[in-house]
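Trainee: Below is the structure I would like to discuss, written out as structure tokens.
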Amino acid sequence: MEQTGAINYIDLIKNGIFKENTIFKLALSLCPSIAVTNNLRNGVLMGIAVLFVQVMVNITVSPMRKFIHPRIRLPIFMLIISGWVTVTDMTMAAFAPDAYKQMGLYIQLIVAFASILARAEMFASKNKIMPSLFDGIGMGLGFLFALSIISLFRELLGKGSLWGYQIIHAKPLLILVLPAGGFFAVGLLMGFFNWMSMRGEKNGHV
Amino acid sequence: MEFAKLFEIIIAASLINNFVFTRFLGLCIFFGVSRKMETAVGMSITFTSVMMISSALSWLVFNYIMLPLDITFLKIIIFIGIVAGFVQASDTVMRKVSPGLYYKLGIYLALISTNCIILAVPLINAGERYSFIESLVFALGSGIGFAIALIIMASIREKLELADVPKPFRGTPIAFIVTGLIALAFTGFSGLIKL
């Protein structure tokens, strides 16, 4: 058990990024994946906020798991989550006021993320603190990865820029930064990842 | 004058700032329950009523307890407590009082407690400092908007079941693209009313 520890942690992280990717595979917590991804900076900031909340919630729930009565576990988890979201919310408001003005509501709504509650319920409340920490990191990185890809795709094609710097000097596809474009972008990327994994399976079996 | 303002809030909340198509909230539920018309209608009814009552409760707590005590920074924790508590309570009451209704709408109640729109409405009400009536009307408008979105989507998806969609796009991806097209149509409403 001791020897396989290191490998397990890496597996946990990989699981969060690829196998159980919150957005592309589980199709959970979709709201911010469209709302804040019209430029890369907001997408990455949102991803980091979620990563932080997920990790902190996991390592708060895990050591307390023996003291929480199973009947009242969900309200307690919600309380822990909303506490950490409030911390994130106030930190963002203080240190990144410009970005906060655009996405403040979505930061506050991290509370209602099914994925965070689900990880607390399914993983952190059953495992020790170290695996929970790495599970949180994996799930959070998976979310950050998904948001970065979507926002990279949308900003590059929709505005021809990355992180605010102009890269492509041609008329951009304006539709991708419009609200409706977010749905197209996520739909296309999801289809693309499905196609990739289908191809992978086919090659693996034959 | 007063009435005109309320009417504006309803139109703005249901069409111009439609929660699903322009604010992108409640998408998990939107994609989850829009497969069948029947579930879509049931969800809309439950949703609107829960939203109105919980936003009324939150308004009372926000204005009579949190503002005087100067603890508005706790609004996320308190609002989610109110919503979750209310949903749990109505679940219990409904099961006792009208089992028939519970049998029909009970599953939606369980889904609602961690929904972002239900939480967003009190947060927006608090942010905009709406009056009590305005908050209620805003909640009603948002509910109508969500119902419109769900019913449009459900009627399209029932047809979509029969369509020959490329394999990697089946299920959620094609639903996203359809939603994108509807959202494009909904951008036509922007500028209808200047707020």
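Naming scheme: A, B, ... for chains in displayed order of the structure tokens; residues 1 onward per chain; ligands 1 onward as shown.
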Please identify all residues of chain A having at least one atom at most 9 Å from any atom of chain B, considering only C-alpha atoms, and return them as a PDB file with N, CA and C atoms, in the first residue's frame.
Mentor:
```pdb
ATOM      1  N   ALA A  27     -20.508  16.524 -17.829  1.00  0.00           N
ATOM      2  CA  ALA A  27     -21.459  17.568 -18.194  1.00  0.00           C
ATOM      3  C   ALA A  27     -22.135  18.167 -16.961  1.00  0.00           C
ATOM      4  N   LEU A  28     -21.319  18.457 -15.940  1.00  0.00           N
ATOM      5  CA  LEU A  28     -21.830  19.132 -14.745  1.00  0.00           C
ATOM      6  C   LEU A  28     -21.216  20.528 -14.670  1.00  0.00           C
ATOM      7  N   SER A  29     -21.802  21.366 -13.841  1.00  0.00           N
ATOM      8  CA  SER A  29     -21.270  22.717 -13.621  1.00  0.00           C
ATOM      9  C   SER A  29     -21.021  23.443 -14.936  1.00  0.00           C
ATOM     10  N   LEU A  30     -22.036  23.457 -15.779  1.00  0.00           N
ATOM     11  CA  LEU A  30     -21.845  24.011 -17.112  1.00  0.00           C
ATOM     12  C   LEU A  30     -21.973  25.521 -17.151  1.00  0.00           C
ATOM     13  N   CYS A  31     -22.672  26.089 -16.161  1.00  0.00           N
ATOM     14  CA  CYS A  31     -22.986  27.518 -16.250  1.00  0.00           C
ATOM     15  C   CYS A  31     -21.748  28.374 -16.493  1.00  0.00           C
ATOM     16  N   PRO A  32     -20.703  28.284 -15.627  1.00  0.00           N
ATOM     17  CA  PRO A  32     -19.570  29.179 -15.846  1.00  0.00           C
ATOM     18  C   PRO A  32     -18.804  28.826 -17.095  1.00  0.00           C
ATOM     19  N   SER A  33     -18.901  27.568 -17.574  1.00  0.00           N
ATOM     20  CA  SER A  33     -18.119  27.196 -18.747  1.00  0.00           C
ATOM     21  C   SER A  33     -18.551  28.014 -19.951  1.00  0.00           C
ATOM     22  N   ILE A  34     -19.748  28.574 -19.928  1.00  0.00           N
ATOM     23  CA  ILE A  34     -20.172  29.424 -21.022  1.00  0.00           C
ATOM     24  C   ILE A  34     -20.133  30.885 -20.617  1.00  0.00           C
ATOM     25  N   ALA A  35     -20.503  31.149 -19.370  1.00  0.00           N
ATOM     26  CA  ALA A  35     -20.680  32.541 -18.969  1.00  0.00           C
ATOM     27  C   ALA A  35     -19.371  33.312 -18.910  1.00  0.00           C
ATOM     28  N   PRO A  75     -26.297  19.233   4.665  1.00  0.00           N
ATOM     29  CA  PRO A  75     -26.256  20.628   5.117  1.00  0.00           C
ATOM     30  C   PRO A  75     -24.878  21.061   5.598  1.00  0.00           C
ATOM     31  N   MET A  78     -22.726  21.741   2.640  1.00  0.00           N
ATOM     32  CA  MET A  78     -23.112  23.012   2.016  1.00  0.00           C
ATOM     33  C   MET A  78     -22.537  24.176   2.804  1.00  0.00           C
ATOM     34  N   LEU A  79     -22.564  24.045   4.133  1.00  0.00           N
ATOM     35  CA  LEU A  79     -22.050  25.105   4.998  1.00  0.00           C
ATOM     36  C   LEU A  79     -20.554  25.301   4.757  1.00  0.00           C
ATOM     37  N   ILE A  81     -18.858  24.424   2.077  1.00  0.00           N
ATOM     38  CA  ILE A  81     -18.626  24.954   0.728  1.00  0.00           C
ATOM     39  C   ILE A  81     -18.899  26.448   0.699  1.00  0.00           C
ATOM     40  N   SER A  82     -20.046  26.857   1.282  1.00  0.00           N
ATOM     41  CA  SER A  82     -20.367  28.275   1.162  1.00  0.00           C
ATOM     42  C   SER A  82     -19.391  29.122   1.968  1.00  0.00           C
ATOM     43  N   GLY A  83     -18.843  28.559   3.044  1.00  0.00           N
ATOM     44  CA  GLY A  83     -17.806  29.295   3.766  1.00  0.00           C
ATOM     45  C   GLY A  83     -16.598  29.564   2.885  1.00  0.00           C
ATOM     46  N   VAL A  85     -16.488  29.496  -0.362  1.00  0.00           N
ATOM     47  CA  VAL A  85     -16.831  30.355  -1.498  1.00  0.00           C
ATOM     48  C   VAL A  85     -16.832  31.806  -1.062  1.00  0.00           C
ATOM     49  N   THR A  86     -17.326  32.069   0.155  1.00  0.00           N
ATOM     50  CA  THR A  86     -17.306  33.445   0.644  1.00  0.00           C
ATOM     51  C   THR A  86     -15.868  33.956   0.730  1.00  0.00           C
ATOM     52  N   MET A  90     -14.594  37.186  -1.466  1.00  0.00           N
ATOM     53  CA  MET A  90     -14.042  38.419  -0.906  1.00  0.00           C
ATOM     54  C   MET A  90     -12.610  38.647  -1.381  1.00  0.00           C
ATOM     55  N   LEU A 105     -21.050  37.405  -9.860  1.00  0.00           N
ATOM     56  CA  LEU A 105     -22.201  36.533  -9.604  1.00  0.00           C
ATOM     57  C   LEU A 105     -21.830  35.073  -9.773  1.00  0.00           C
ATOM     58  N   TYR A 106     -20.992  34.792 -10.788  1.00  0.00           N
ATOM     59  CA  TYR A 106     -20.658  33.395 -11.052  1.00  0.00           C
ATOM     60  C   TYR A 106     -19.726  32.834  -9.991  1.00  0.00           C
ATOM     61  N   GLN A 108     -19.895  33.716  -6.836  1.00  0.00           N
ATOM     62  CA  GLN A 108     -20.766  33.403  -5.699  1.00  0.00           C
ATOM     63  C   GLN A 108     -21.534  32.108  -5.936  1.00  0.00           C
ATOM     64  N   LEU A 109     -21.817  31.850  -7.203  1.00  0.00           N
ATOM     65  CA  LEU A 109     -22.625  30.669  -7.494  1.00  0.00           C
ATOM     66  C   LEU A 109     -21.797  29.390  -7.538  1.00  0.00           C
ATOM     67  N   ILE A 110     -20.500  29.466  -7.254  1.00  0.00           N
ATOM     68  CA  ILE A 110     -19.718  28.224  -7.127  1.00  0.00           C
ATOM     69  C   ILE A 110     -20.354  27.355  -6.045  1.00  0.00           C
ATOM     70  N   VAL A 111     -21.034  28.008  -5.100  1.00  0.00           N
ATOM     71  CA  VAL A 111     -21.743  27.276  -4.047  1.00  0.00           C
ATOM     72  C   VAL A 111     -22.620  26.171  -4.622  1.00  0.00           C
ATOM     73  N   ALA A 112     -23.290  26.492  -5.722  1.00  0.00           N
ATOM     74  CA  ALA A 112     -24.284  25.562  -6.242  1.00  0.00           C
ATOM     75  C   ALA A 112     -23.694  24.558  -7.225  1.00  0.00           C
ATOM     76  N   PHE A 113     -22.351  24.450  -7.268  1.00  0.00           N
ATOM     77  CA  PHE A 113     -21.752  23.493  -8.183  1.00  0.00           C
ATOM     78  C   PHE A 113     -22.042  22.078  -7.737  1.00  0.00           C
ATOM     79  N   ALA A 114     -22.657  21.313  -8.604  1.00  0.00           N
ATOM     80  CA  ALA A 114     -22.900  19.922  -8.253  1.00  0.00           C
ATOM     81  C   ALA A 114     -21.589  19.184  -8.072  1.00  0.00           C
ATOM     82  N   LEU A 178     -19.973  36.212 -28.754  1.00  0.00           N
ATOM     83  CA  LEU A 178     -21.359  36.481 -28.370  1.00  0.00           C
ATOM     84  C   LEU A 178     -21.832  35.378 -27.426  1.00  0.00           C
ATOM     85  N   PRO A 179     -22.873  35.671 -26.618  1.00  0.00           N
ATOM     86  CA  PRO A 179     -23.372  34.631 -25.714  1.00  0.00           C
ATOM     87  C   PRO A 179     -23.673  33.319 -26.428  1.00  0.00           C
ATOM     88  N   ALA A 180     -24.313  33.403 -27.585  1.00  0.00           N
ATOM     89  CA  ALA A 180     -24.701  32.177 -28.272  1.00  0.00           C
ATOM     90  C   ALA A 180     -23.483  31.353 -28.667  1.00  0.00           C
ATOM     91  N   GLY A 181     -22.377  32.050 -28.971  1.00  0.00           N
ATOM     92  CA  GLY A 181     -21.176  31.345 -29.401  1.00  0.00           C
ATOM     93  C   GLY A 181     -20.639  30.404 -28.346  1.00  0.00           C
ATOM     94  N   GLY A 182     -20.872  30.744 -27.074  1.00  0.00           N
ATOM     95  CA  GLY A 182     -20.408  29.875 -25.999  1.00  0.00           C
ATOM     96  C   GLY A 182     -21.002  28.490 -26.113  1.00  0.00           C
ATOM     97  N   PHE A 183     -22.297  28.437 -26.423  1.00  0.00           N
ATOM     98  CA  PHE A 183     -22.948  27.131 -26.570  1.00  0.00           C
ATOM     99  C   PHE A 183     -22.342  26.362 -27.737  1.00  0.00           C
ATOM    100  N   PHE A 184     -22.103  27.085 -28.857  1.00  0.00           N
ATOM    101  CA  PHE A 184     -21.506  26.410 -30.013  1.00  0.00           C
ATOM    102  C   PHE A 184     -20.140  25.857 -29.652  1.00  0.00           C
ATOM    103  N   ALA A 185     -19.334  26.722 -28.991  1.00  0.00           N
ATOM    104  CA  ALA A 185     -17.962  26.314 -28.680  1.00  0.00           C
ATOM    105  C   ALA A 185     -17.963  25.069 -27.803  1.00  0.00           C
ATOM    106  N   VAL A 186     -18.771  25.080 -26.734  1.00  0.00           N
ATOM    107  CA  VAL A 186     -18.775  23.923 -25.834  1.00  0.00           C
ATOM    108  C   VAL A 186     -19.303  22.694 -26.558  1.00  0.00           C
ATOM    109  N   GLY A 187     -20.362  22.857 -27.354  1.00  0.00           N
ATOM    110  CA  GLY A 187     -20.912  21.722 -28.090  1.00  0.00           C
ATOM    111  C   GLY A 187     -19.892  21.109 -29.031  1.00  0.00           C
ATOM    112  N   LEU A 188     -19.193  21.984 -29.786  1.00  0.00           N
ATOM    113  CA  LEU A 188     -18.204  21.481 -30.737  1.00  0.00           C
ATOM    114  C   LEU A 188     -17.059  20.783 -30.018  1.00  0.00           C
ATOM    115  N   LEU A 189     -16.560  21.415 -28.924  1.00  0.00           N
ATOM    116  CA  LEU A 189     -15.430  20.805 -28.214  1.00  0.00           C
ATOM    117  C   LEU A 189     -15.830  19.468 -27.601  1.00  0.00           C
ATOM    118  N   MET A 190     -17.053  19.408 -27.045  1.00  0.00           N
ATOM    119  CA  MET A 190     -17.529  18.148 -26.458  1.00  0.00           C
ATOM    120  C   MET A 190     -17.581  17.057 -27.522  1.00  0.00           C
ATOM    121  N   GLY A 191     -18.141  17.428 -28.683  1.00  0.00           N
ATOM    122  CA  GLY A 191     -18.203  16.468 -29.781  1.00  0.00           C
ATOM    123  C   GLY A 191     -16.818  16.012 -30.181  1.00  0.00           C
ATOM    124  N   PHE A 192     -15.869  16.973 -30.209  1.00  0.00           N
ATOM    125  CA  PHE A 192     -14.498  16.654 -30.585  1.00  0.00           C
ATOM    126  C   PHE A 192     -13.882  15.655 -29.600  1.00  0.00           C
ATOM    127  N   PHE A 193     -14.086  15.903 -28.281  1.00  0.00           N
ATOM    128  CA  PHE A 193     -13.494  14.991 -27.301  1.00  0.00           C
ATOM    129  C   PHE A 193     -14.147  13.613 -27.369  1.00  0.00           C
ATOM    130  N   ASN A 194     -15.458  13.588 -27.624  1.00  0.00           N
ATOM    131  CA  ASN A 194     -16.116  12.295 -27.788  1.00  0.00           C
ATOM    132  C   ASN A 194     -15.528  11.528 -28.964  1.00  0.00           C
ATOM    133  N   TRP A 195     -15.310  12.280 -30.061  1.00  0.00           N
ATOM    134  CA  TRP A 195     -14.772  11.659 -31.272  1.00  0.00           C
ATOM    135  C   TRP A 195     -13.390  11.087 -30.995  1.00  0.00           C
ATOM    136  N   MET A 196     -12.558  11.892 -30.264  1.00  0.00           N
ATOM    137  CA  MET A 196     -11.220  11.438 -29.898  1.00  0.00           C
ATOM    138  C   MET A 196     -11.289  10.148 -29.093  1.00  0.00           C
ATOM    139  N   MET A 198     -13.681   7.971 -28.896  1.00  0.00           N
ATOM    140  CA  MET A 198     -14.199   6.863 -29.703  1.00  0.00           C
ATOM    141  C   MET A 198     -13.104   6.283 -30.583  1.00  0.00           C
TER     142      MET A 198
END
```
Trainee: Which residues are near A:Phe134? Cut-off 10 Å, only C-alpha atoms, ignore same chain within fewer than 3 positions. Put them as a PyMOL selection string.
Mentor: chain A and resi 8-14+16+55+58-59+129-131+137-140
Trainee: Restricted to C-alpha atoms, what would the selected residues look like written as a short mmCIF file (atom, residue, chain, number, x, y, z; two decimals), in the first residue's frame?
Mentor:
```cif
data_model
loop_
_atom_site.label_atom_id
_atom_site.label_comp_id
_atom_site.auth_asym_id
_atom_site.auth_seq_id
_atom_site.Cartn_x
_atom_site.Cartn_y
_atom_site.Cartn_z
CA ASN A 8 -2.20 6.43 -6.74
CA TYR A 9 -1.90 10.16 -6.27
CA ILE A 10 -0.94 10.66 -9.88
CA ASP A 11 -3.82 8.42 -10.93
CA LEU A 12 -6.19 10.51 -8.84
CA ILE A 13 -5.07 13.67 -10.58
CA LYS A 14 -5.30 12.04 -14.02
CA GLY A 16 -9.96 14.30 -12.50
CA VAL A 55 -9.23 21.54 -2.69
CA ASN A 58 -12.01 18.32 0.28
CA ILE A 59 -9.37 18.83 2.95
CA ILE A 129 -6.84 13.69 3.98
CA MET A 130 -3.98 13.09 1.52
CA PRO A 131 -6.00 11.23 -1.15
CA ILE A 137 -6.37 18.96 -7.11
CA GLY A 138 -7.25 16.57 -9.93
CA MET A 139 -10.89 17.61 -10.21
CA GLY A 140 -9.97 21.28 -9.93
#
```
Trainee: Would you kindly return, as a ChimeraX atom specification, each protein, DNA or RNA residue with an atom no farther than 6 Å from any atom of A:Glu155, considering only C-alpha atoms and excluding same-chain residues fewer than 3 positions away?
Mentor: /A:38-39,151-152,158-159
Trainee: Any chance you can output those residues with C-alpha atoms as a PDB file, in the first residue's frame?
Mentor:
```
ATOM      1  CA  ASN A  38     -15.271  34.782 -23.662  1.00  0.00           C
ATOM      2  CA  ASN A  39     -11.685  35.619 -22.814  1.00  0.00           C
ATOM      3  CA  SER A 151     -11.833  30.277 -23.464  1.00  0.00           C
ATOM      4  CA  LEU A 152      -8.684  29.899 -25.556  1.00  0.00           C
ATOM      5  CA  GLY A 158     -13.705  35.372 -31.698  1.00  0.00           C
ATOM      6  CA  LYS A 159     -11.362  38.291 -31.089  1.00  0.00           C
TER       7      LYS A 159
END
```
Trainee: Give me the residues near A:Gly43 as number ranges by chain, where near means some atom within 12 Å (using only C-alpha atoms) and where sequence neighbours in that chain fewer than 5 positions away do not count.
Mentor: A: 32-38, 48-50, 99, 102-103, 106-107, 143-155, 162-163
Trainee: Export N, CA and C atoms of the chosen residues as a PDB file, in the first residue's frame?
Mentor:
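File written: selection.pdb
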```pdb
ATOM      1  N   PRO A  32     -20.703  28.284 -15.627  1.00  0.00           N
ATOM      2  CA  PRO A  32     -19.570  29.179 -15.846  1.00  0.00           C
ATOM      3  C   PRO A  32     -18.804  28.826 -17.095  1.00  0.00           C
ATOM      4  N   SER A  33     -18.901  27.568 -17.574  1.00  0.00           N
ATOM      5  CA  SER A  33     -18.119  27.196 -18.747  1.00  0.00           C
ATOM      6  C   SER A  33     -18.551  28.014 -19.951  1.00  0.00           C
ATOM      7  N   ILE A  34     -19.748  28.574 -19.928  1.00  0.00           N
ATOM      8  CA  ILE A  34     -20.172  29.424 -21.022  1.00  0.00           C
ATOM      9  C   ILE A  34     -20.133  30.885 -20.617  1.00  0.00           C
ATOM     10  N   ALA A  35     -20.503  31.149 -19.370  1.00  0.00           N
ATOM     11  CA  ALA A  35     -20.680  32.541 -18.969  1.00  0.00           C
ATOM     12  C   ALA A  35     -19.371  33.312 -18.910  1.00  0.00           C
ATOM     13  N   VAL A  36     -18.290  32.706 -18.419  1.00  0.00           N
ATOM     14  CA  VAL A  36     -17.087  33.508 -18.199  1.00  0.00           C
ATOM     15  C   VAL A  36     -15.975  33.205 -19.186  1.00  0.00           C
ATOM     16  N   THR A  37     -16.267  32.424 -20.245  1.00  0.00           N
ATOM     17  CA  THR A  37     -15.157  31.993 -21.085  1.00  0.00           C
ATOM     18  C   THR A  37     -14.991  32.815 -22.351  1.00  0.00           C
ATOM     19  N   ASN A  38     -15.505  34.062 -22.406  1.00  0.00           N
ATOM     20  CA  ASN A  38     -15.271  34.782 -23.662  1.00  0.00           C
ATOM     21  C   ASN A  38     -13.896  35.424 -23.724  1.00  0.00           C
ATOM     22  N   ILE A  48      -9.142  28.808 -11.497  1.00  0.00           N
ATOM     23  CA  ILE A  48      -8.332  28.813 -10.277  1.00  0.00           C
ATOM     24  C   ILE A  48      -9.236  28.921  -9.051  1.00  0.00           C
ATOM     25  N   ALA A  49     -10.278  29.773  -9.146  1.00  0.00           N
ATOM     26  CA  ALA A  49     -11.186  29.911  -8.007  1.00  0.00           C
ATOM     27  C   ALA A  49     -11.828  28.572  -7.671  1.00  0.00           C
ATOM     28  N   VAL A  50     -12.273  27.847  -8.715  1.00  0.00           N
ATOM     29  CA  VAL A  50     -12.920  26.559  -8.471  1.00  0.00           C
ATOM     30  C   VAL A  50     -11.923  25.550  -7.909  1.00  0.00           C
ATOM     31  N   ALA A  99     -11.959  42.022 -12.955  1.00  0.00           N
ATOM     32  CA  ALA A  99     -12.529  40.729 -13.340  1.00  0.00           C
ATOM     33  C   ALA A  99     -13.745  40.427 -12.477  1.00  0.00           C
ATOM     34  N   GLN A 102     -17.054  41.648 -13.715  1.00  0.00           N
ATOM     35  CA  GLN A 102     -17.679  40.885 -14.800  1.00  0.00           C
ATOM     36  C   GLN A 102     -18.226  39.542 -14.338  1.00  0.00           C
ATOM     37  N   MET A 103     -17.559  38.918 -13.358  1.00  0.00           N
ATOM     38  CA  MET A 103     -17.961  37.548 -13.047  1.00  0.00           C
ATOM     39  C   MET A 103     -18.268  37.313 -11.580  1.00  0.00           C
ATOM     40  N   TYR A 106     -20.992  34.792 -10.788  1.00  0.00           N
ATOM     41  CA  TYR A 106     -20.658  33.395 -11.052  1.00  0.00           C
ATOM     42  C   TYR A 106     -19.726  32.834  -9.991  1.00  0.00           C
ATOM     43  N   ILE A 107     -18.862  33.717  -9.431  1.00  0.00           N
ATOM     44  CA  ILE A 107     -18.018  33.267  -8.317  1.00  0.00           C
ATOM     45  C   ILE A 107     -18.911  32.872  -7.139  1.00  0.00           C
ATOM     46  N   PHE A 143     -11.173  20.957 -14.252  1.00  0.00           N
ATOM     47  CA  PHE A 143     -12.085  22.074 -14.533  1.00  0.00           C
ATOM     48  C   PHE A 143     -11.321  23.237 -15.152  1.00  0.00           C
ATOM     49  N   LEU A 144     -10.146  23.537 -14.536  1.00  0.00           N
ATOM     50  CA  LEU A 144      -9.310  24.627 -15.050  1.00  0.00           C
ATOM     51  C   LEU A 144      -8.917  24.357 -16.495  1.00  0.00           C
ATOM     52  N   PHE A 145      -8.550  23.101 -16.768  1.00  0.00           N
ATOM     53  CA  PHE A 145      -8.150  22.694 -18.108  1.00  0.00           C
ATOM     54  C   PHE A 145      -9.293  22.912 -19.111  1.00  0.00           C
ATOM     55  N   ALA A 146     -10.504  22.465 -18.713  1.00  0.00           N
ATOM     56  CA  ALA A 146     -11.650  22.607 -19.609  1.00  0.00           C
ATOM     57  C   ALA A 146     -11.944  24.076 -19.872  1.00  0.00           C
ATOM     58  N   LEU A 147     -11.975  24.879 -18.807  1.00  0.00           N
ATOM     59  CA  LEU A 147     -12.277  26.300 -18.982  1.00  0.00           C
ATOM     60  C   LEU A 147     -11.219  26.974 -19.847  1.00  0.00           C
ATOM     61  N   SER A 148      -9.930  26.610 -19.636  1.00  0.00           N
ATOM     62  CA  SER A 148      -8.870  27.243 -20.420  1.00  0.00           C
ATOM     63  C   SER A 148      -9.034  26.916 -21.892  1.00  0.00           C
ATOM     64  N   ILE A 149      -9.327  25.639 -22.185  1.00  0.00           N
ATOM     65  CA  ILE A 149      -9.468  25.264 -23.602  1.00  0.00           C
ATOM     66  C   ILE A 149     -10.620  26.013 -24.243  1.00  0.00           C
ATOM     67  N   ILE A 150     -11.773  26.040 -23.544  1.00  0.00           N
ATOM     68  CA  ILE A 150     -12.934  26.713 -24.129  1.00  0.00           C
ATOM     69  C   ILE A 150     -12.633  28.190 -24.343  1.00  0.00           C
ATOM     70  N   SER A 151     -12.023  28.839 -23.318  1.00  0.00           N
ATOM     71  CA  SER A 151     -11.833  30.277 -23.464  1.00  0.00           C
ATOM     72  C   SER A 151     -10.729  30.584 -24.461  1.00  0.00           C
ATOM     73  N   LEU A 152      -9.728  29.702 -24.550  1.00  0.00           N
ATOM     74  CA  LEU A 152      -8.684  29.899 -25.556  1.00  0.00           C
ATOM     75  C   LEU A 152      -9.283  29.857 -26.963  1.00  0.00           C
ATOM     76  N   PHE A 153     -10.091  28.830 -27.195  1.00  0.00           N
ATOM     77  CA  PHE A 153     -10.772  28.650 -28.473  1.00  0.00           C
ATOM     78  C   PHE A 153     -11.627  29.868 -28.811  1.00  0.00           C
ATOM     79  N   ARG A 154     -12.401  30.332 -27.807  1.00  0.00           N
ATOM     80  CA  ARG A 154     -13.331  31.432 -28.092  1.00  0.00           C
ATOM     81  C   ARG A 154     -12.608  32.748 -28.292  1.00  0.00           C
ATOM     82  N   GLU A 155     -11.577  33.012 -27.452  1.00  0.00           N
ATOM     83  CA  GLU A 155     -10.927  34.308 -27.601  1.00  0.00           C
ATOM     84  C   GLU A 155     -10.096  34.354 -28.869  1.00  0.00           C
ATOM     85  N   LEU A 162      -5.098  36.735 -27.547  1.00  0.00           N
ATOM     86  CA  LEU A 162      -4.928  35.815 -26.425  1.00  0.00           C
ATOM     87  C   LEU A 162      -4.521  36.619 -25.208  1.00  0.00           C
ATOM     88  N   TRP A 163      -5.208  36.447 -24.109  1.00  0.00           N
ATOM     89  CA  TRP A 163      -4.928  37.162 -22.865  1.00  0.00           C
ATOM     90  C   TRP A 163      -4.915  38.673 -23.113  1.00  0.00           C
TER      91      TRP A 163
END
```
Trainee: Atom CA of B:Lys36 and atom CA of B:Arg157, how far apart in Å?
Mentor: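 It comes out at 7.6 Å.
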